[in-house]
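Student: Enclosed is the structure file coords_2.cif (mmCIF, C-alpha atoms).
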```
data_start
loop_
_atom_site.label_atom_id
_atom_site.label_comp_id
_atom_site.auth_asym_id
_atom_site.auth_seq_id
_atom_site.Cartn_x
_atom_site.Cartn_y
_atom_site.Cartn_z
CA MET H 1 145.18 57.86 115.37
CA ARG H 2 144.95 54.78 113.15
CA GLN H 3 143.03 53.95 110.00
CA ALA H 4 140.61 51.00 109.78
CA ASN H 5 143.41 48.71 108.57
CA GLY H 6 145.48 49.50 111.69
CA ALA H 7 148.02 51.75 109.97
CA ALA H 8 148.75 55.06 111.64
CA MET H 9 147.31 58.12 109.88
CA THR H 10 149.79 60.66 108.59
CA PRO H 11 149.55 64.29 109.77
CA MET H 12 148.18 65.22 106.34
CA GLU H 13 145.51 62.54 106.54
CA LEU H 14 144.56 63.67 110.03
CA ALA H 15 144.30 67.28 108.88
CA LEU H 16 142.21 66.25 105.87
CA LYS H 17 139.88 64.28 108.09
CA GLU H 18 139.35 67.27 110.39
CA ARG H 19 138.69 69.61 107.43
CA MET H 20 136.12 67.15 106.07
CA LYS H 21 134.35 67.16 109.44
CA GLU H 22 134.22 70.96 109.36
CA LEU H 23 132.90 71.07 105.81
CA ASN H 24 130.31 68.44 106.67
CA CYS H 25 129.19 70.55 109.61
CA LEU H 26 128.71 73.61 107.41
CA GLN H 27 126.90 71.54 104.80
CA GLN H 28 124.52 70.13 107.43
CA ILE H 29 123.78 73.62 108.70
CA GLU H 30 123.01 74.92 105.21
CA THR H 31 120.76 71.93 104.53
CA MET H 32 118.88 72.55 107.77
CA ILE H 33 118.41 76.22 106.90
CA GLY H 34 117.23 75.40 103.40
CA THR H 35 114.69 72.76 104.41
CA HIS H 36 113.49 74.01 107.80
CA GLU H 37 109.83 75.06 108.01
CA GLY H 38 109.44 75.59 111.76
CA THR H 39 110.41 78.41 114.10
CA ILE H 40 113.87 79.92 114.35
CA ASP H 41 114.11 78.50 117.88
CA GLU H 42 113.65 74.99 116.52
CA LEU H 43 116.21 75.68 113.79
CA PHE H 44 118.84 76.97 116.23
CA GLN H 45 118.42 73.89 118.41
CA LYS H 46 118.99 71.67 115.38
CA ILE H 47 122.08 73.65 114.39
CA VAL H 48 123.66 73.59 117.83
CA ASN H 49 123.28 69.81 117.95
CA VAL H 50 125.62 69.28 114.97
CA ILE H 51 128.32 71.76 115.95
CA PRO H 52 130.29 69.57 118.41
CA GLU H 53 130.72 66.86 115.77
CA ALA H 54 133.15 69.10 113.86
CA TRP H 55 135.62 69.45 116.76
CA VAL H 56 138.68 67.24 117.21
CA HIS H 57 137.54 65.89 120.58
CA SER H 58 133.86 65.70 119.58
CA THR H 59 132.89 63.30 122.38
CA GLU H 60 134.04 65.84 124.96
CA ALA H 61 132.59 68.91 123.19
CA VAL H 62 129.39 70.78 123.99
CA ALA H 63 128.00 73.79 122.17
CA ARG H 64 125.70 76.70 122.91
CA ILE H 65 124.06 79.42 120.84
CA ARG H 66 122.91 82.50 122.71
CA TRP H 67 120.62 85.08 121.14
CA GLY H 68 119.25 87.80 123.38
CA GLU H 69 117.62 86.02 126.29
CA SER H 70 117.36 82.71 124.42
CA ALA H 71 119.92 79.90 124.66
CA TYR H 72 120.22 76.61 122.79
CA SER H 73 122.78 74.08 124.01
CA THR H 74 123.94 70.48 123.97
CA GLY H 75 125.26 70.47 127.53
CA ASP H 76 126.54 72.52 130.47
CA VAL H 77 128.83 74.98 128.71
CA ASP H 78 129.40 77.06 131.86
CA SER H 79 131.21 74.18 133.59
CA CYS H 80 133.58 73.52 130.67
CA LYS H 81 137.33 73.42 131.44
CA SER H 82 138.09 75.31 128.22
CA LEU H 83 135.86 77.47 126.04
CA GLN H 84 135.95 78.91 122.54
CA SER H 85 133.48 81.53 121.31
CA SER H 86 132.53 83.86 118.49
CA SER H 87 130.16 86.83 118.62
CA ILE H 88 127.00 86.88 116.49
CA SER H 89 126.25 90.20 114.79
CA ALA H 90 123.11 91.30 113.00
CA ASN H 91 122.57 94.67 111.35
CA GLY H 92 125.85 95.92 112.80
CA ASN H 93 124.97 95.02 116.38
CA THR H 94 126.22 92.18 118.57
CA VAL H 95 123.13 90.11 119.33
CA GLY H 96 124.54 86.87 120.69
CA LYS H 97 127.35 84.35 120.82
CA VAL H 98 128.13 80.82 119.67
CA GLU H 99 130.37 78.78 121.99
CA VAL H 100 132.08 75.41 122.07
CA GLY H 101 133.67 73.98 125.19
CA TYR H 102 135.35 70.80 126.39
CA THR H 103 133.86 69.15 129.45
CA ARG H 104 137.22 67.92 130.82
CA ASP H 105 140.88 68.87 130.72
CA LEU H 106 142.63 67.80 127.55
CA ALA H 107 146.34 67.41 126.86
CA ALA H 108 147.85 70.80 126.17
CA SER H 109 149.32 71.47 122.76
CA VAL H 110 151.21 74.34 121.17
CA GLU H 111 147.93 75.81 119.95
CA GLY H 112 145.95 74.96 123.08
CA PRO H 113 142.95 72.61 123.25
CA PHE H 114 141.36 74.19 120.17
CA LEU H 115 142.68 74.37 116.62
CA ALA H 116 142.95 77.61 114.67
CA GLU H 117 140.74 76.03 112.00
CA GLU H 118 138.07 75.40 114.62
CA GLN H 119 137.98 79.07 115.52
CA LEU H 120 137.60 79.90 111.84
CA LEU H 121 134.73 77.42 111.62
CA LEU H 122 133.10 78.95 114.70
CA ASN H 123 133.42 82.43 113.16
CA THR H 124 131.80 81.16 109.95
CA ILE H 125 128.91 79.62 111.89
CA ALA H 126 128.46 82.86 113.85
CA LEU H 127 128.34 84.83 110.60
CA ARG H 128 125.66 82.54 109.19
CA LEU H 129 123.61 82.71 112.38
CA GLY H 130 123.85 86.49 112.26
CA SER H 131 122.35 86.54 108.78
CA LEU H 132 119.52 84.29 109.97
CA ILE H 133 118.78 86.57 112.91
CA ALA H 134 118.89 89.67 110.70
CA ARG H 135 116.37 88.04 108.35
CA ALA H 136 114.14 87.00 111.27
CA LEU H 137 114.20 90.53 112.67
CA ALA H 138 113.39 91.98 109.25
CA GLU H 139 110.49 89.56 108.80
CA ALA H 140 109.18 90.41 112.28
CA ARG H 141 109.33 94.12 111.48
CA LEU H 142 107.55 93.50 108.19
CA ARG H 143 104.81 91.50 109.89
CA THR H 144 104.36 94.25 112.46
CA THR H 145 104.21 96.89 109.74
CA LEU H 146 101.66 94.93 107.74
CA GLN H 147 99.55 94.30 110.83
CA GLU H 148 99.63 98.00 111.66
CA GLN H 149 98.71 98.90 108.09
CA HIS H 150 95.85 96.40 108.05
CA GLN H 151 94.57 97.72 111.36
CA LEU H 152 94.78 101.30 110.08
CA TYR H 153 92.93 100.37 106.90
CA LYS H 154 90.24 98.64 108.92
CA GLN H 155 89.85 101.67 111.17
CA LEU H 156 89.62 104.04 108.20
CA LEU H 157 87.14 101.79 106.43
CA SER H 158 85.09 101.51 109.61
CA VAL H 159 84.88 105.30 109.69
CA LEU H 160 83.73 105.34 106.07
CA GLY H 161 81.13 102.68 106.81
CA GLY H 162 79.89 104.75 109.73
CA MET H 163 79.57 107.78 107.46
CA ALA H 164 77.19 105.84 105.20
CA GLU H 165 74.98 104.95 108.17
CA MET H 166 75.03 108.51 109.51
CA ARG H 167 73.40 109.64 106.26
CA ASP H 168 70.71 106.97 106.63
CA PRO H 169 69.63 106.76 110.30
CA TYR H 170 67.04 104.10 109.48
CA THR H 171 69.80 101.64 108.63
CA ALA H 172 71.96 102.47 111.64
CA GLY H 173 73.56 99.23 112.76
CA HIS H 174 72.51 97.42 109.58
CA GLN H 175 76.06 96.89 108.30
CA LYS H 176 77.26 95.69 111.70
CA ARG H 177 74.46 93.13 111.96
CA VAL H 178 75.02 91.96 108.40
CA ALA H 179 78.72 91.49 109.21
CA GLN H 180 77.85 89.49 112.35
CA LEU H 181 75.48 87.18 110.50
CA ALA H 182 77.86 86.81 107.56
CA VAL H 183 80.67 85.71 109.88
CA ALA H 184 78.36 83.21 111.59
CA LEU H 185 77.39 81.82 108.17
CA GLY H 186 81.04 81.67 107.14
CA LYS H 187 81.90 79.65 110.23
CA GLU H 188 79.12 77.17 109.45
CA LEU H 189 80.50 76.81 105.93
CA GLY H 190 84.04 76.18 107.15
CA LEU H 191 85.74 79.37 106.02
CA SER H 192 89.24 79.95 107.35
CA ASP H 193 89.95 82.62 109.96
CA HIS H 194 91.53 84.73 107.23
CA GLN H 195 88.42 84.48 105.04
CA LEU H 196 86.17 85.24 108.01
CA GLU H 197 88.10 88.43 108.68
CA GLY H 198 87.51 89.48 105.08
CA VAL H 199 83.81 88.62 105.30
CA GLN H 200 83.48 90.64 108.51
CA LEU H 201 85.11 93.67 106.94
CA ALA H 202 83.12 93.40 103.70
CA GLY H 203 79.88 92.99 105.62
CA SER H 204 80.58 96.08 107.68
CA LEU H 205 81.25 98.04 104.47
CA HIS H 206 78.83 96.56 101.96
CA ASP H 207 76.66 99.71 101.82
CA ILE H 208 79.53 102.18 101.80
CA GLY H 209 78.54 103.27 98.30
CA LYS H 210 75.37 104.84 99.72
CA ILE H 211 77.41 107.90 100.65
CA MET H 212 77.00 108.76 96.95
CA VAL H 213 73.17 108.56 97.15
CA PRO H 214 71.20 111.70 98.11
CA ALA H 215 70.10 111.54 101.76
CA GLU H 216 66.51 112.47 100.89
CA ILE H 217 66.22 109.28 98.85
CA LEU H 218 67.76 107.13 101.58
CA CYS H 219 65.34 108.50 104.15
CA LYS H 220 62.26 108.75 101.93
CA PRO H 221 59.22 107.59 103.99
CA THR H 222 57.26 106.42 100.93
CA LYS H 223 57.89 103.91 98.18
CA LEU H 224 60.74 104.79 95.85
CA THR H 225 60.09 105.65 92.23
CA ARG H 226 61.79 103.58 89.52
CA GLN H 227 64.30 106.37 88.94
CA GLU H 228 65.09 106.61 92.65
CA TYR H 229 65.46 102.85 92.91
CA GLU H 230 67.86 102.81 89.97
CA LEU H 231 69.91 105.46 91.78
CA ILE H 232 69.97 103.35 94.93
CA LYS H 233 71.19 100.35 92.91
CA GLU H 234 74.32 102.27 91.96
CA HIS H 235 75.65 101.97 95.52
CA ALA H 236 77.25 98.57 94.86
CA GLN H 237 79.32 99.89 91.97
CA ALA H 238 80.07 103.10 93.88
CA GLY H 239 81.29 101.09 96.86
CA TYR H 240 83.58 99.08 94.61
CA HIS H 241 85.14 102.25 93.19
CA ILE H 242 85.75 103.58 96.71
CA LEU H 243 87.51 100.39 97.83
CA LYS H 244 89.16 98.93 94.73
CA ASP H 245 92.49 100.74 95.03
CA ILE H 246 92.98 100.02 98.74
CA GLN H 247 95.54 97.23 99.15
CA LEU H 248 93.94 94.66 101.46
CA PRO H 249 94.63 90.94 101.90
CA TRP H 250 90.96 90.15 101.23
CA PRO H 251 88.74 90.73 98.16
CA VAL H 252 86.62 93.28 100.03
CA ALA H 253 85.96 95.53 97.02
CA ARG H 254 84.74 92.59 94.95
CA ILE H 255 82.44 91.34 97.72
CA VAL H 256 80.93 94.83 98.03
CA LEU H 257 80.44 94.91 94.25
CA GLU H 258 78.75 91.49 94.18
CA HIS H 259 76.56 91.55 97.27
CA HIS H 260 73.41 92.30 95.23
CA GLU H 261 74.18 89.77 92.49
CA ARG H 262 72.03 86.65 92.42
CA MET H 263 72.59 82.97 91.58
CA ASP H 264 70.32 83.15 88.50
CA GLY H 265 71.93 86.34 87.19
CA SER H 266 68.94 88.52 88.10
CA GLY H 267 70.94 90.76 90.42
CA TYR H 268 72.95 93.92 89.87
CA PRO H 269 75.12 95.72 88.83
CA ASN H 270 76.60 93.16 86.39
CA GLU H 271 74.09 90.28 86.39
CA ILE H 272 76.78 87.76 87.40
CA SER H 273 75.51 84.30 88.30
CA GLY H 274 76.38 81.04 90.03
CA ASP H 275 79.93 80.07 90.78
CA SER H 276 81.22 83.18 89.04
CA LEU H 277 80.38 84.92 92.30
CA LEU H 278 82.71 84.68 95.25
CA LEU H 279 81.40 82.47 98.05
CA GLU H 280 81.99 85.41 100.39
CA SER H 281 79.75 87.57 98.17
CA ARG H 282 76.98 84.96 98.28
CA ILE H 283 77.27 84.85 102.07
CA VAL H 284 76.98 88.62 102.47
CA ALA H 285 74.05 88.62 100.02
CA VAL H 286 72.00 86.26 102.20
CA ALA H 287 72.96 88.06 105.41
CA ASP H 288 71.97 91.40 103.84
CA VAL H 289 68.54 90.15 102.72
CA VAL H 290 67.73 88.54 106.07
CA GLU H 291 68.76 91.59 108.11
CA SER H 292 67.03 94.05 105.74
CA MET H 293 63.72 92.19 105.88
CA CYS H 294 63.82 91.96 109.66
CA ALA H 295 64.62 95.63 110.23
CA HIS H 296 62.25 98.58 110.08
CA ARG H 297 62.47 100.92 107.12
CA PRO H 298 61.02 104.42 106.66
CA TYR H 299 58.43 103.07 104.21
CA ARG H 300 57.50 99.86 106.11
CA ALA H 301 57.69 98.05 109.42
CA GLY H 302 60.07 95.15 109.85
CA LEU H 303 58.73 91.99 108.24
CA GLY H 304 60.22 89.65 110.83
CA ILE H 305 62.62 86.74 110.82
CA ASP H 306 59.98 84.23 109.67
CA ALA H 307 59.33 86.21 106.50
CA ALA H 308 63.06 86.64 105.92
CA LEU H 309 63.75 82.92 106.25
CA ALA H 310 60.77 82.13 104.02
CA GLU H 311 62.22 84.44 101.36
CA ILE H 312 65.59 82.69 101.23
CA THR H 313 63.96 79.24 101.49
CA ASN H 314 61.56 79.86 98.61
CA ASN H 315 64.37 81.19 96.43
CA ARG H 316 67.01 78.67 97.46
CA ASP H 317 69.24 77.64 94.54
CA VAL H 318 67.52 80.14 92.25
CA VAL H 319 68.31 83.52 93.77
CA TYR H 320 70.41 82.53 96.79
CA ASP H 321 73.24 80.02 97.20
CA PRO H 322 71.73 76.78 98.59
CA MET H 323 74.68 76.08 100.92
CA VAL H 324 74.42 79.55 102.42
CA VAL H 325 70.64 79.29 102.78
CA ASP H 326 70.95 75.92 104.54
CA ALA H 327 73.57 77.35 106.90
CA CYS H 328 71.30 80.30 107.70
CA LEU H 329 68.29 78.07 108.39
CA LEU H 330 70.45 75.89 110.63
CA LEU H 331 71.64 78.92 112.61
CA PHE H 332 68.14 80.25 113.29
CA HIS H 333 66.13 77.01 113.55
CA GLU H 334 68.56 74.75 115.39
CA LYS H 335 71.29 76.88 116.94
CA GLY H 336 69.19 79.73 118.32
CA TYR H 337 71.12 82.44 116.49
CA THR H 338 70.11 86.00 117.38
CA TRP H 339 71.76 89.40 117.00
CA GLY H 340 69.14 91.54 118.69
CA GLU H 341 65.43 91.96 119.28
CA TRP H 342 63.70 91.42 115.94
CA PRO H 343 59.98 91.66 115.18
CA GLN H 344 58.51 88.24 114.58
CA GLY H 345 56.28 87.95 111.52
#
```
The structure in this file should be written as structure tokens.

Tutor:
Amino acid sequence: MRQANGAAMTPMELALKERMKELNCLQQIETMIGTHEGTIDELFQKIVNVIPEAWVHSTEAVARIRWGESAYSTGDVDSCKSLQSSSISANGNTVGKVEVGYTRDLAASVEGPFLAEEQLLLNTIALRLGSLIARALAEARLRTTLQEQHQLYKQLLSVLGGMAEMRDPYTAGHQKRVAQLAVALGKELGLSDHQLEGVQLAGSLHDIGKIMVPAEILCKPTKLTRQEYELIKEHAQAGYHILKDIQLPWPVARIVLEHHERMDGSGYPNEISGDSLLLESRIVAVADVVESMCAHRPYRAGLGIDAALAEITNNRDVVYDPMVVDACLLLFHEKGYTWGEWPQG
């Protein structure tokens, strides 16, 4: 091999050039790993593309990474005249292989078509790929565990929400309908799927604190006394205390606490107002009022959807969030929203 000026390269210069190619290959791989934001499949395909460049006969080299049933290659490795490989291990188990082959016969040498340094490089690449796979497997297990935990929490909380409704048969289905309307409002307001999941869960649990209220008050067929009403009002704070220590990826406890707060600070339990309230809390608040007014109660017949929409319209921007009110009016007036047979008033 000759240099650019035509002079032949010395064995030391040739060896140095090959080592530089190998180091450059490793550096490229580390840069890819450090900057990659896509899937591991996309990353492995990028990595396999740079591997042949580090081999002496790079124009004749093809590479392949195999992991389980997946394979990433730069050519037909199986038809190669000569092949070099290294096993990939993750968590003590062999999970794949990285291979480099030459597509045609090359002049034999004392060491064969591949250099000892190339095998060392291949082993180093295999070791790095193994660590990537181990991390990917660990992350997958973590995601599965978190999903299972979230599902379990949701199931347990659903049971708790059902317990609250069992003690108050007149509001059976109330939390479910509030959750349905709250999610529909959230969609109109552009909430993310993650936020909508939190709104759905909070809506289905917003009255969970009523398990602390005596059943005879919940089911009382006549108007509540001031003392009884004050006792009922404690359900928001009680619900918060039930939920606050449960680790969830949504602010469910806070939404439950705030669902009776009002934009002008006239709500309870803490008289919070305006933007100090979570948007999700303001959504559940409107959904709760609309559903409650439509539904029958022991002390009155359902007032109907017209009365419910009139209530939020008349108190728009004073008691209820104007964006949420507008979304609710749009759903019922223009999009034909319905979640059951409601008395019309």

Student: Check which residues satisfy the PyMOL selection byres ((chain H and resi 253) around 12) in the file shown, then give them as an MDAnalysis selection string.

Tutor: chainID H and resid 157 198:199 201:209 236:252 254:259 278 280:281

Student: Excluding same-chain residues fewer than 3 positions from H:Leu189, what lies within 12 Å of it counting all atoms listed in the file, as a VMD selection string?

Tutor: chain H and resid 182 to 186 192 to 193 195 to 196 279 to 280 282 to 283 321 to 328 330 to 331

Student: Would you mind telling me which residue in H:His260, H:His174, H:His57, H:His194 lies nearest to H:Ser273 when using only C-alpha atoms?

Tutor: H:His260

Student: Counting only C-alpha atoms, which of H:Val213, H:Leu152, H:Val50, H:Ala61 gets nearest to H:Glu234?

Tutor: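 Comparing H:Val213, H:Leu152, H:Val50, H:Ala61 against H:Glu234, the winner is H:Val213.
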
Student: Between atom CA of H:Arg19 and atom CA of H:His36, what distance in Å does the model show, to one decimal?

Tutor: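 These two atoms are separated by 25.6 Å.
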
Student: Work out how far atom CA of H:Asp76 is from atom CA of H:Asn123, in Å to one decimal.

Tutor: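 Separating atom CA of H:Asn123 from atom CA of H:Asp76 is a distance of 21.1 Å.
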
Student: Any chance you could resolve the PyMOL selection byres ((chain H and resi 65) around 9) against this file and give the residues as a count of residues only?

Tutor: 17

Student: Because the input lacks atoms here, generate N, CA and C atoms for stretch 168-188 of chain H and report them as an mmCIF file, in the coordinates of the input.

Tutor:
```cif
data_model
loop_
_atom_site.group_PDB
_atom_site.id
_atom_site.type_symbol
_atom_site.label_atom_id
_atom_site.label_comp_id
_atom_site.auth_asym_id
_atom_site.auth_seq_id
_atom_site.Cartn_x
_atom_site.Cartn_y
_atom_site.Cartn_z
ATOM 1 N N ASP H 168 71.947 107.748 106.704
ATOM 2 C CA ASP H 168 70.710 106.970 106.630
ATOM 3 C C ASP H 168 70.408 106.400 108.009
ATOM 4 N N PRO H 169 69.842 107.197 108.908
ATOM 5 C CA PRO H 169 69.630 106.760 110.300
ATOM 6 C C PRO H 169 68.739 105.531 110.412
ATOM 7 N N TYR H 170 67.921 105.267 109.415
ATOM 8 C CA TYR H 170 67.040 104.100 109.480
ATOM 9 C C TYR H 170 67.803 102.786 109.323
ATOM 10 N N THR H 171 69.005 102.862 108.765
ATOM 11 C CA THR H 171 69.800 101.640 108.630
ATOM 12 C C THR H 171 70.959 101.611 109.602
ATOM 13 N N ALA H 172 70.895 102.454 110.633
ATOM 14 C CA ALA H 172 71.960 102.470 111.640
ATOM 15 C C ALA H 172 72.098 101.075 112.250
ATOM 16 N N GLY H 173 73.292 100.557 112.234
ATOM 17 C CA GLY H 173 73.560 99.230 112.760
ATOM 18 C C GLY H 173 73.357 98.118 111.755
ATOM 19 N N HIS H 174 72.777 98.447 110.597
ATOM 20 C CA HIS H 174 72.510 97.420 109.580
ATOM 21 C C HIS H 174 73.792 96.727 109.133
ATOM 22 N N GLN H 175 74.822 97.488 108.807
ATOM 23 C CA GLN H 175 76.060 96.890 108.300
ATOM 24 C C GLN H 175 76.721 96.017 109.370
ATOM 25 N N LYS H 176 76.669 96.478 110.612
ATOM 26 C CA LYS H 176 77.260 95.690 111.700
ATOM 27 C C LYS H 176 76.552 94.359 111.853
ATOM 28 N N ARG H 177 75.210 94.374 111.797
ATOM 29 C CA ARG H 177 74.460 93.130 111.960
ATOM 30 C C ARG H 177 74.651 92.205 110.766
ATOM 31 N N VAL H 178 74.742 92.775 109.582
ATOM 32 C CA VAL H 178 75.020 91.960 108.400
ATOM 33 C C VAL H 178 76.377 91.285 108.547
ATOM 34 N N ALA H 179 77.368 92.048 109.019
ATOM 35 C CA ALA H 179 78.720 91.490 109.210
ATOM 36 C C ALA H 179 78.682 90.350 110.225
ATOM 37 N N GLN H 180 77.934 90.527 111.321
ATOM 38 C CA GLN H 180 77.850 89.490 112.350
ATOM 39 C C GLN H 180 77.231 88.210 111.801
ATOM 40 N N LEU H 181 76.130 88.360 111.066
ATOM 41 C CA LEU H 181 75.480 87.180 110.500
ATOM 42 C C LEU H 181 76.343 86.538 109.430
ATOM 43 N N ALA H 182 76.998 87.343 108.617
ATOM 44 C CA ALA H 182 77.860 86.810 107.560
ATOM 45 C C ALA H 182 79.006 85.988 108.144
ATOM 46 N N VAL H 183 79.585 86.460 109.229
ATOM 47 C CA VAL H 183 80.670 85.710 109.880
ATOM 48 C C VAL H 183 80.135 84.401 110.439
ATOM 49 N N ALA H 184 78.959 84.438 111.053
ATOM 50 C CA ALA H 184 78.360 83.210 111.590
ATOM 51 C C ALA H 184 78.100 82.206 110.465
ATOM 52 N N LEU H 185 77.624 82.692 109.318
ATOM 53 C CA LEU H 185 77.390 81.820 108.170
ATOM 54 C C LEU H 185 78.711 81.255 107.647
ATOM 55 N N GLY H 186 79.725 82.107 107.599
ATOM 56 C CA GLY H 186 81.040 81.670 107.140
ATOM 57 C C GLY H 186 81.620 80.577 108.008
ATOM 58 N N LYS H 187 81.418 80.686 109.312
ATOM 59 C CA LYS H 187 81.900 79.650 110.230
ATOM 60 C C LYS H 187 81.193 78.331 109.964
ATOM 61 N N GLU H 188 79.875 78.390 109.748
ATOM 62 C CA GLU H 188 79.120 77.170 109.450
ATOM 63 C C GLU H 188 79.601 76.509 108.173
#
```
